[in-house]
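Accompanying notes for the structure given below.
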Amino acid sequence: MKPNRTPVTAKAVDFGRPTLVTRTSRWSFRLDVRTAVSCAVLLLLTCAAVVVTLAFGTYEIPLADVVRSLLGGGTGATRTVVVEWRLPRALLAVLLGAALAVSGAIFQSITRNPLGSPDIIGFSSGSYTGALVVLLLTGGGYYQVAAGSLAGGVLAAFVVFVLAYRRGAAQGFRLIIVGIAVSAMLGAFNTWLVLRADIEDAMLSAVWGAGSLNSLGHEQLLPVLGFLALLIPLAAACGPALRALELGDDAAAALGTRTEAVRLVLVVLGVALIALVTAAAGPIAFIALAAPQIARRITRGSSVALLPSAVTGAFLLVLADLVGQRLFAPVQLPVGIVTVSIGGLYFIWLLVREARRT
């Protein structure tokens, strides 16, 4: 007798919130309605923010003409400005924001702490140090800087995990404290590197170190798109194991998860995502910290999830870039300065909230 492979949609289990479950003989899929609707709304808001971003600049273009150009219409001059000049930067804001948020969600899940962001625990600083060393010593291009950024991030992660390792595991709170210390030391080392560099290299490093999407285009868009096409599916495939790790190592092992191997893979993926952003636009702070927690509150989830975090991160970075472009126009602020300014307030609120809970 052949098994029934026709998909069946049913509400078989009460998850406490509207949920659709689809099952066949080989697989099942559960869709949380609130999460799906939240992601769809955030995606629409991101698209709207991108269209607004494309409309403003030295040459202001009506929103209707922007949409017409994106659909292949409009005049040649409008298409050149919208599609050739501005669209790559807007798409980079979407992609890099999603990469930062996914990296933040990975590390916050591993540490089981909302402060366990790569910004806080030193991995971003490690990536910046690696990229800075390559940039100042060799003046390398994108791929050389990306390799240096990845090596620096992995080395920083190794040092932080080794120093935080006690009683068979890297404890979450201890990892955060060690990460803050390592991040501070790397920050001092980065300052020393810049002070020792030639004036032109120092100025270039200072501008790049602020985290900026200015002057980015197709040259950076295509490599970023290619790497994310590899890294994001790998992170998504580790999603079930990530949720198992949030239950604790013993529970995860009881569910069949190889905890140490999965944790190592997730750390490498998280660092690679941060390194990708750092190599393309420099260090951009607080998106990795804030996006997963904002997404969790919007979806009212019990833990951070990768997809809502990615959509939220994309929206936040596009919005921050728009603010950076328009706040003191025609002067354009680096997007990293905008995210630090807004994220600082969020960080203070988060610290106060965690202090009250403990």
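Residue numbers start at 1 in each chain; chains themselves are named A, B, ... in the order of the structure tokens; ligands are numbered from 1 in the order shown.
Excluding Thr19 of chain A and any residue on its chain fewer than 5 positions from it, the residues at most 6 Å away by only C-alpha atoms are Leu31, Asp32 and Val33 of chain A.
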message = If we count only C-alpha atoms and set the cut-off at 12 Å, which residues sit around segment 71-83 of chain A, ignoring sequence neighbours fewer than 4 positions away in its own chain? Please answer as number ranges by chain.
response = A: 50-67, 87-91, 217-218
Residues within 8 Å of Thr339 of chain A, please, as a compact mmCIF listing (two decimals) with all heavy atoms, in the first residue's frame. Count only C-alpha atoms; anything in the same chain fewer than 3 positions from it doesn't count.
# COMPACT_ATOMS: atom_id res chain seq x y z
N ILE A 284 29.56 48.36 11.43
CA ILE A 284 28.26 49.02 11.65
C ILE A 284 27.68 48.41 12.92
O ILE A 284 27.35 47.23 12.97
CB ILE A 284 27.31 48.80 10.46
CG1 ILE A 284 27.90 49.42 9.19
CG2 ILE A 284 25.94 49.42 10.75
CD1 ILE A 284 27.08 49.16 7.95
N ALA A 285 27.56 49.25 13.95
CA ALA A 285 27.20 48.76 15.28
C ALA A 285 25.70 48.76 15.51
O ALA A 285 24.95 49.44 14.82
CB ALA A 285 27.89 49.62 16.35
N PHE A 286 25.27 47.94 16.48
CA PHE A 286 23.95 47.93 17.11
C PHE A 286 22.83 47.31 16.28
O PHE A 286 21.79 46.99 16.82
CB PHE A 286 23.53 49.34 17.55
CG PHE A 286 24.25 49.79 18.78
CD1 PHE A 286 25.22 50.76 18.71
CD2 PHE A 286 23.97 49.23 20.02
CE1 PHE A 286 25.91 51.16 19.85
CE2 PHE A 286 24.64 49.62 21.15
CZ PHE A 286 25.61 50.59 21.07
N ILE A 287 23.00 47.15 14.96
CA ILE A 287 21.95 46.45 14.21
C ILE A 287 21.91 44.99 14.67
O ILE A 287 20.82 44.44 14.90
CB ILE A 287 22.24 46.52 12.70
CG1 ILE A 287 22.19 47.97 12.21
CG2 ILE A 287 21.22 45.67 11.94
CD1 ILE A 287 20.83 48.61 12.30
N LEU A 317 18.54 49.09 8.84
CA LEU A 317 19.72 49.68 8.18
C LEU A 317 19.31 50.59 7.02
O LEU A 317 19.93 51.63 6.79
CB LEU A 317 20.66 48.58 7.69
CG LEU A 317 22.05 49.08 7.29
CD1 LEU A 317 22.72 49.82 8.45
CD2 LEU A 317 22.94 47.95 6.83
N ALA A 320 18.20 53.74 8.71
CA ALA A 320 19.35 54.50 9.22
C ALA A 320 20.11 55.17 8.09
O ALA A 320 20.57 56.31 8.23
CB ALA A 320 20.27 53.55 10.00
N VAL A 335 26.49 55.74 7.87
CA VAL A 335 25.36 55.06 8.50
C VAL A 335 25.74 54.50 9.87
O VAL A 335 24.89 54.36 10.76
CB VAL A 335 24.85 53.95 7.57
CG1 VAL A 335 25.86 52.80 7.47
CG2 VAL A 335 23.51 53.43 8.03
N GLY A 336 27.05 54.20 10.06
CA GLY A 336 27.49 53.68 11.34
C GLY A 336 27.30 54.69 12.46
O GLY A 336 27.02 54.31 13.60
N ILE A 342 21.41 55.96 17.58
CA ILE A 342 20.11 55.38 17.94
C ILE A 342 20.30 54.16 18.84
O ILE A 342 19.57 53.97 19.82
CB ILE A 342 19.33 55.01 16.67
CG1 ILE A 342 19.09 56.26 15.82
CG2 ILE A 342 18.00 54.33 17.02
CD1 ILE A 342 18.45 55.98 14.48
N GLY A 343 21.29 53.34 18.50
CA GLY A 343 21.49 52.11 19.26
C GLY A 343 21.95 52.35 20.67
O GLY A 343 21.71 51.53 21.56
query = Contacts of segment 192-197 of chain A at 10 Å or less, counting only C-alpha atoms, minus same-chain residues fewer than 3 places along, as a PyMOL selection string?
reply = chain A and resi 129+132-133+136-137+186-189+200-206
Store the residues of this selection in a file with all heavy atoms, as a compact mmCIF listing (two decimals), in the first residue's frame.
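Result written to part-v3.txt:
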# COMPACT_ATOMS: atom_id res chain seq x y z
N THR A 129 39.68 44.70 13.32
CA THR A 129 41.14 44.67 13.48
C THR A 129 41.79 43.92 12.32
O THR A 129 42.78 44.40 11.75
CB THR A 129 41.50 44.00 14.81
OG1 THR A 129 40.89 44.71 15.89
CG2 THR A 129 43.00 43.98 15.01
N LEU A 132 41.59 46.03 9.26
CA LEU A 132 42.45 47.21 9.38
C LEU A 132 43.91 46.85 9.15
O LEU A 132 44.65 47.59 8.48
CB LEU A 132 42.25 47.82 10.77
CG LEU A 132 42.78 49.24 11.00
CD1 LEU A 132 42.11 50.22 10.06
CD2 LEU A 132 42.55 49.65 12.45
N VAL A 133 44.33 45.73 9.69
CA VAL A 133 45.72 45.29 9.51
C VAL A 133 46.01 45.07 8.02
O VAL A 133 47.03 45.54 7.48
CB VAL A 133 45.99 44.01 10.31
CG1 VAL A 133 47.32 43.39 9.92
CG2 VAL A 133 45.97 44.30 11.81
N LEU A 136 46.01 48.54 6.14
CA LEU A 136 47.14 49.42 6.39
C LEU A 136 48.47 48.81 5.94
O LEU A 136 49.35 49.52 5.48
CB LEU A 136 47.23 49.75 7.89
CG LEU A 136 46.08 50.59 8.45
CD1 LEU A 136 46.27 50.82 9.95
CD2 LEU A 136 45.97 51.92 7.72
N LEU A 137 48.60 47.50 6.05
CA LEU A 137 49.88 46.88 5.72
C LEU A 137 50.01 46.57 4.23
O LEU A 137 51.10 46.67 3.67
CB LEU A 137 50.07 45.59 6.52
CG LEU A 137 50.20 45.77 8.04
CD1 LEU A 137 50.47 44.43 8.71
CD2 LEU A 137 51.33 46.76 8.37
N LEU A 186 40.94 45.40 21.83
CA LEU A 186 41.06 45.51 20.38
C LEU A 186 40.82 46.95 19.92
O LEU A 186 41.46 47.43 18.97
CB LEU A 186 40.06 44.57 19.71
CG LEU A 186 40.39 43.09 19.80
CD1 LEU A 186 39.25 42.25 19.24
CD2 LEU A 186 41.69 42.77 19.05
N GLY A 187 39.90 47.66 20.59
CA GLY A 187 39.67 49.05 20.25
C GLY A 187 40.91 49.90 20.47
O GLY A 187 41.24 50.75 19.64
N ALA A 188 41.61 49.65 21.58
CA ALA A 188 42.86 50.38 21.84
C ALA A 188 43.92 50.04 20.79
O ALA A 188 44.64 50.91 20.31
CB ALA A 188 43.35 50.03 23.24
N PHE A 189 43.98 48.75 20.43
CA PHE A 189 44.96 48.34 19.41
C PHE A 189 44.64 48.98 18.05
O PHE A 189 45.54 49.41 17.33
CB PHE A 189 44.94 46.81 19.29
CG PHE A 189 45.89 46.27 18.27
CD1 PHE A 189 47.26 46.39 18.47
CD2 PHE A 189 45.43 45.65 17.12
CE1 PHE A 189 48.16 45.89 17.53
CE2 PHE A 189 46.32 45.14 16.18
CZ PHE A 189 47.68 45.27 16.39
N GLU A 200 47.49 59.73 5.03
CA GLU A 200 46.45 59.38 4.06
C GLU A 200 45.78 58.07 4.43
O GLU A 200 44.55 57.93 4.36
CB GLU A 200 47.05 59.29 2.65
CG GLU A 200 47.52 60.64 2.11
CD GLU A 200 48.01 60.51 0.68
OE1 GLU A 200 47.98 59.39 0.13
OE2 GLU A 200 48.44 61.54 0.12
N ASP A 201 46.59 57.08 4.82
CA ASP A 201 46.01 55.79 5.23
C ASP A 201 45.18 55.95 6.50
O ASP A 201 44.12 55.31 6.65
CB ASP A 201 47.12 54.77 5.47
CG ASP A 201 47.81 54.35 4.19
OD1 ASP A 201 47.18 54.51 3.11
OD2 ASP A 201 48.94 53.86 4.25
N ALA A 202 45.65 56.81 7.42
CA ALA A 202 44.90 57.03 8.66
C ALA A 202 43.55 57.67 8.38
O ALA A 202 42.53 57.29 8.97
CB ALA A 202 45.71 57.89 9.61
N MET A 203 43.52 58.66 7.46
CA MET A 203 42.25 59.30 7.13
C MET A 203 41.30 58.33 6.44
O MET A 203 40.10 58.29 6.73
CB MET A 203 42.51 60.51 6.23
CG MET A 203 43.23 61.66 6.93
SD MET A 203 43.56 63.05 5.84
CE MET A 203 41.90 63.57 5.45
N LEU A 204 41.86 57.51 5.53
CA LEU A 204 41.04 56.52 4.85
C LEU A 204 40.48 55.50 5.84
O LEU A 204 39.29 55.14 5.78
CB LEU A 204 41.86 55.80 3.77
CG LEU A 204 41.16 54.68 3.02
CD1 LEU A 204 39.97 55.23 2.23
CD2 LEU A 204 42.14 53.97 2.08
N SER A 205 41.32 55.07 6.78
CA SER A 205 40.87 54.09 7.78
C SER A 205 39.82 54.68 8.71
O SER A 205 38.87 54.00 9.10
CB SER A 205 42.07 53.61 8.61
OG SER A 205 43.04 53.01 7.78
N ALA A 206 39.99 55.96 9.06
CA ALA A 206 39.02 56.61 9.95
C ALA A 206 37.64 56.72 9.28
O ALA A 206 36.61 56.45 9.90
CB ALA A 206 39.53 57.98 10.36
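The space separating atom CA of Pro292 of chain A from atom CA of Leu255 of chain A comes to 25.0 Å.
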Polymer residues at most 8 Å from Ile180 of chain A, only C-alpha atoms, same-chain spacing of 6 or more positions, as a PyMOL selection string = chain A and resi 120-122
ask   = Given the choices A:Leu70, A:Val304, A:Val159, A:Ala236, which gets closest to Ala288 of chain A if the distance is worked out from only C-alpha atoms?
value = A:Val304
ask   = Tell me, which residues of segment 147-316 of chain A carry DSSP strand (DSSP E), written as a PyMOL selection string?
value = chain A and resi 165-166+169-170
task = Go through A:Leu230, A:Ile337, A:Met185, A:Ala93 and flag the residue nearest Trp208 of chain A, using only C-alpha atoms for the distances.
result = A:Ile337
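Between atom CA of Val277 of chain A and atom CA of Leu307 of chain A the interatomic distance comes to 18.0 Å.
When only C-alpha atoms are used to compute distances to Ile298 of chain A, the closest of the residues A:Leu42, A:Ala147, A:Val21, A:Ala131 turns out to be A:Leu42.
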ask   = By how many Å are atom CA of Arg263 of chain A and atom CA of Ile110 of chain A apart?
value = 7.3 Å
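Nearest-residue note for Gln220 of chain A: choosing from A:Leu92, A:Leu264, A:Ala101, A:Gly301, the minimum distance belongs to A:Leu92, counting only C-alpha atoms.
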inquiry  = Just want the 12 Å neighbourhood of Leu45 of chain A, counted on only C-alpha atoms, with same-chain residues fewer than 6 positions away dropped. Output as a list in words.
reply    = Ser38, Cys39, Val51, Val52, Val94, Val311, Thr312, Gly313, Ala314, Phe315, Leu316, Val318 and Leu319 of chain A
inquiry  = as an MDAnalysis selection string, please: every residue in segment 68-194 of chain A that a backbone DSSP assignment puts in helix (DSSP H, G or I).
reply    = chainID A and resid 68:70 76:111 123:138 142:164 172:194
Using the selection just defined, write its residues with C-alpha atoms as a tab-separated table (two decimals), in the first residue's frame.
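Result file is result00.tsv:
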chain	number	residue	atom	x	y	z
A	68	ARG	CA	8.35	53.43	-13.05
A	69	SER	CA	12.14	53.21	-13.46
A	70	LEU	CA	12.35	50.11	-11.27
A	76	GLY	CA	16.93	57.07	-19.72
A	77	ALA	CA	18.28	59.72	-17.33
A	78	THR	CA	15.89	58.67	-14.56
A	79	ARG	CA	16.76	54.99	-14.98
A	80	THR	CA	20.46	55.83	-14.86
A	81	VAL	CA	20.12	57.75	-11.59
A	82	VAL	CA	17.73	55.29	-9.94
A	83	VAL	CA	18.94	51.92	-11.19
A	84	GLU	CA	22.62	52.47	-11.93
A	85	TRP	CA	23.60	55.00	-9.27
A	86	ARG	CA	21.32	54.58	-6.24
A	87	LEU	CA	19.84	51.09	-6.36
A	88	PRO	CA	23.11	49.19	-5.58
A	89	ARG	CA	23.59	51.19	-2.38
A	90	ALA	CA	19.98	50.61	-1.29
A	91	LEU	CA	20.25	46.88	-1.99
A	92	LEU	CA	23.51	46.74	-0.03
A	93	ALA	CA	21.73	48.35	2.93
A	94	VAL	CA	19.08	45.60	2.75
A	95	LEU	CA	21.59	42.76	2.44
A	96	LEU	CA	24.08	44.02	5.03
A	97	GLY	CA	21.30	44.78	7.51
A	98	ALA	CA	19.98	41.25	7.14
A	99	ALA	CA	23.50	39.80	7.55
A	100	LEU	CA	24.11	41.78	10.75
A	101	ALA	CA	20.76	40.76	12.22
A	102	VAL	CA	21.23	37.05	11.44
A	103	SER	CA	24.69	37.15	13.01
A	104	GLY	CA	23.25	38.84	16.10
A	105	ALA	CA	20.45	36.28	16.35
A	106	ILE	CA	22.97	33.42	16.15
A	107	PHE	CA	25.16	34.74	18.97
A	108	GLN	CA	22.24	35.80	21.17
A	109	SER	CA	20.83	32.28	20.84
A	110	ILE	CA	24.18	30.63	21.57
A	111	THR	CA	24.79	32.77	24.65
A	123	PHE	CA	33.76	39.60	17.33
A	124	SER	CA	32.99	42.78	15.37
A	125	SER	CA	36.09	44.42	16.83
A	126	GLY	CA	38.13	41.37	15.83
A	127	SER	CA	36.83	41.56	12.27
A	128	TYR	CA	37.61	45.28	12.17
A	129	THR	CA	41.14	44.67	13.48
A	130	GLY	CA	41.82	42.00	10.87
A	131	ALA	CA	40.52	44.20	8.06
A	132	LEU	CA	42.45	47.21	9.38
A	133	VAL	CA	45.72	45.29	9.51
A	134	VAL	CA	45.30	44.14	5.90
A	135	LEU	CA	44.22	47.60	4.76
A	136	LEU	CA	47.14	49.42	6.39
A	137	LEU	CA	49.88	46.88	5.72
A	138	THR	CA	49.02	45.77	2.19
A	142	TYR	CA	37.87	43.83	-1.22
A	143	TYR	CA	38.71	40.12	-1.10
A	144	GLN	CA	41.98	40.64	0.81
A	145	VAL	CA	40.19	42.86	3.34
A	146	ALA	CA	37.37	40.31	3.61
A	147	ALA	CA	39.87	37.52	4.31
A	148	GLY	CA	41.61	39.63	6.95
A	149	SER	CA	38.25	40.52	8.49
A	150	LEU	CA	37.21	36.86	8.67
A	151	ALA	CA	40.57	35.82	10.16
A	152	GLY	CA	40.40	38.60	12.76
A	153	GLY	CA	36.83	37.71	13.73
A	154	VAL	CA	37.57	34.00	14.05
A	155	LEU	CA	40.70	34.69	16.13
A	156	ALA	CA	38.77	37.04	18.43
A	157	ALA	CA	36.00	34.46	18.81
A	158	PHE	CA	38.57	31.77	19.64
A	159	VAL	CA	40.20	33.95	22.32
A	160	VAL	CA	36.84	34.94	23.86
A	161	PHE	CA	35.54	31.35	23.98
A	162	VAL	CA	38.79	30.01	25.43
A	163	LEU	CA	38.88	32.67	28.17
A	164	ALA	CA	35.17	32.16	28.94
A	172	GLY	CA	26.82	33.05	28.58
A	173	PHE	CA	27.33	35.85	31.13
A	174	ARG	CA	31.05	35.09	31.49
A	175	LEU	CA	31.40	35.11	27.70
A	176	ILE	CA	29.83	38.58	27.54
A	177	ILE	CA	32.14	40.00	30.23
A	178	VAL	CA	35.22	38.50	28.58
A	179	GLY	CA	33.99	39.73	25.19
A	180	ILE	CA	33.61	43.30	26.45
A	181	ALA	CA	37.19	43.20	27.80
A	182	VAL	CA	38.58	41.78	24.55
A	183	SER	CA	36.61	44.34	22.54
A	184	ALA	CA	38.06	47.18	24.63
A	185	MET	CA	41.62	45.90	24.12
A	186	LEU	CA	41.06	45.51	20.38
A	187	GLY	CA	39.67	49.05	20.25
A	188	ALA	CA	42.86	50.38	21.84
A	189	PHE	CA	44.96	48.34	19.41
A	190	ASN	CA	42.97	49.69	16.45
A	191	THR	CA	43.56	53.26	17.63
A	192	TRP	CA	47.28	52.57	17.92
A	193	LEU	CA	47.33	51.15	14.39
A	194	VAL	CA	45.66	54.25	12.98
ask   = Restricting the calculation to only C-alpha atoms, which member of A:Arg23, A:Thr35, A:Ala275, A:Arg30 is positioned closest to Arg296 of chain A?
value = A:Thr35
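By only C-alpha atoms, and with residues fewer than 5 positions from Ala237 of chain A along its chain excluded, the set lying at most 12 Å from it is Leu230, Leu231, Ile232, Leu242, Arg243, Val262, Val265, Leu266, Leu269, Leu306 and Leu307 of chain A.
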Dump N, CA, C and O atoms for the selected residues as a PDB file, in the first residue's frame?
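Heads up, here's the output in part-v8.pdb:
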ATOM      1  N   LEU A 230      25.333  31.942  -0.029  1.00  0.00           N
ATOM      2  CA  LEU A 230      25.898  30.731   0.570  1.00  0.00           C
ATOM      3  C   LEU A 230      25.668  30.698   2.083  1.00  0.00           C
ATOM      4  O   LEU A 230      25.280  29.655   2.641  1.00  0.00           O
ATOM      5  N   LEU A 231      25.883  31.831   2.755  1.00  0.00           N
ATOM      6  CA  LEU A 231      25.865  31.845   4.221  1.00  0.00           C
ATOM      7  C   LEU A 231      24.452  31.799   4.811  1.00  0.00           C
ATOM      8  O   LEU A 231      24.220  31.089   5.804  1.00  0.00           O
ATOM      9  N   ILE A 232      23.510  32.532   4.231  1.00  0.00           N
ATOM     10  CA  ILE A 232      22.164  32.584   4.806  1.00  0.00           C
ATOM     11  C   ILE A 232      21.467  31.217   4.762  1.00  0.00           C
ATOM     12  O   ILE A 232      20.884  30.784   5.772  1.00  0.00           O
ATOM     13  N   LEU A 242      19.846  25.417  16.426  1.00  0.00           N
ATOM     14  CA  LEU A 242      19.998  26.628  17.230  1.00  0.00           C
ATOM     15  C   LEU A 242      18.912  26.702  18.299  1.00  0.00           C
ATOM     16  O   LEU A 242      19.192  27.052  19.457  1.00  0.00           O
ATOM     17  N   ARG A 243      17.682  26.368  17.915  1.00  0.00           N
ATOM     18  CA  ARG A 243      16.592  26.374  18.906  1.00  0.00           C
ATOM     19  C   ARG A 243      16.814  25.299  19.963  1.00  0.00           C
ATOM     20  O   ARG A 243      16.471  25.485  21.138  1.00  0.00           O
ATOM     21  N   VAL A 262      27.846  21.741  16.353  1.00  0.00           N
ATOM     22  CA  VAL A 262      26.878  22.730  15.874  1.00  0.00           C
ATOM     23  C   VAL A 262      27.266  24.128  16.325  1.00  0.00           C
ATOM     24  O   VAL A 262      27.191  25.104  15.557  1.00  0.00           O
ATOM     25  N   VAL A 265      30.115  25.440  14.162  1.00  0.00           N
ATOM     26  CA  VAL A 265      29.641  25.839  12.832  1.00  0.00           C
ATOM     27  C   VAL A 265      28.902  27.172  12.907  1.00  0.00           C
ATOM     28  O   VAL A 265      29.097  28.071  12.073  1.00  0.00           O
ATOM     29  N   LEU A 266      28.056  27.327  13.931  1.00  0.00           N
ATOM     30  CA  LEU A 266      27.283  28.565  14.062  1.00  0.00           C
ATOM     31  C   LEU A 266      28.188  29.762  14.352  1.00  0.00           C
ATOM     32  O   LEU A 266      27.956  30.862  13.835  1.00  0.00           O
ATOM     33  N   LEU A 269      29.796  30.738  11.106  1.00  0.00           N
ATOM     34  CA  LEU A 269      28.824  31.415  10.244  1.00  0.00           C
ATOM     35  C   LEU A 269      28.556  32.839  10.718  1.00  0.00           C
ATOM     36  O   LEU A 269      28.515  33.782   9.910  1.00  0.00           O
ATOM     37  N   LEU A 306      15.629  33.580  13.090  1.00  0.00           N
ATOM     38  CA  LEU A 306      16.521  34.106  12.058  1.00  0.00           C
ATOM     39  C   LEU A 306      15.779  34.954  11.026  1.00  0.00           C
ATOM     40  O   LEU A 306      16.219  36.059  10.692  1.00  0.00           O
ATOM     41  N   LEU A 307      14.661  34.452  10.487  1.00  0.00           N
ATOM     42  CA  LEU A 307      13.979  35.170   9.405  1.00  0.00           C
ATOM     43  C   LEU A 307      13.414  36.517   9.866  1.00  0.00           C
ATOM     44  O   LEU A 307      13.683  37.548   9.215  1.00  0.00           O
TER      45      LEU A 307
END
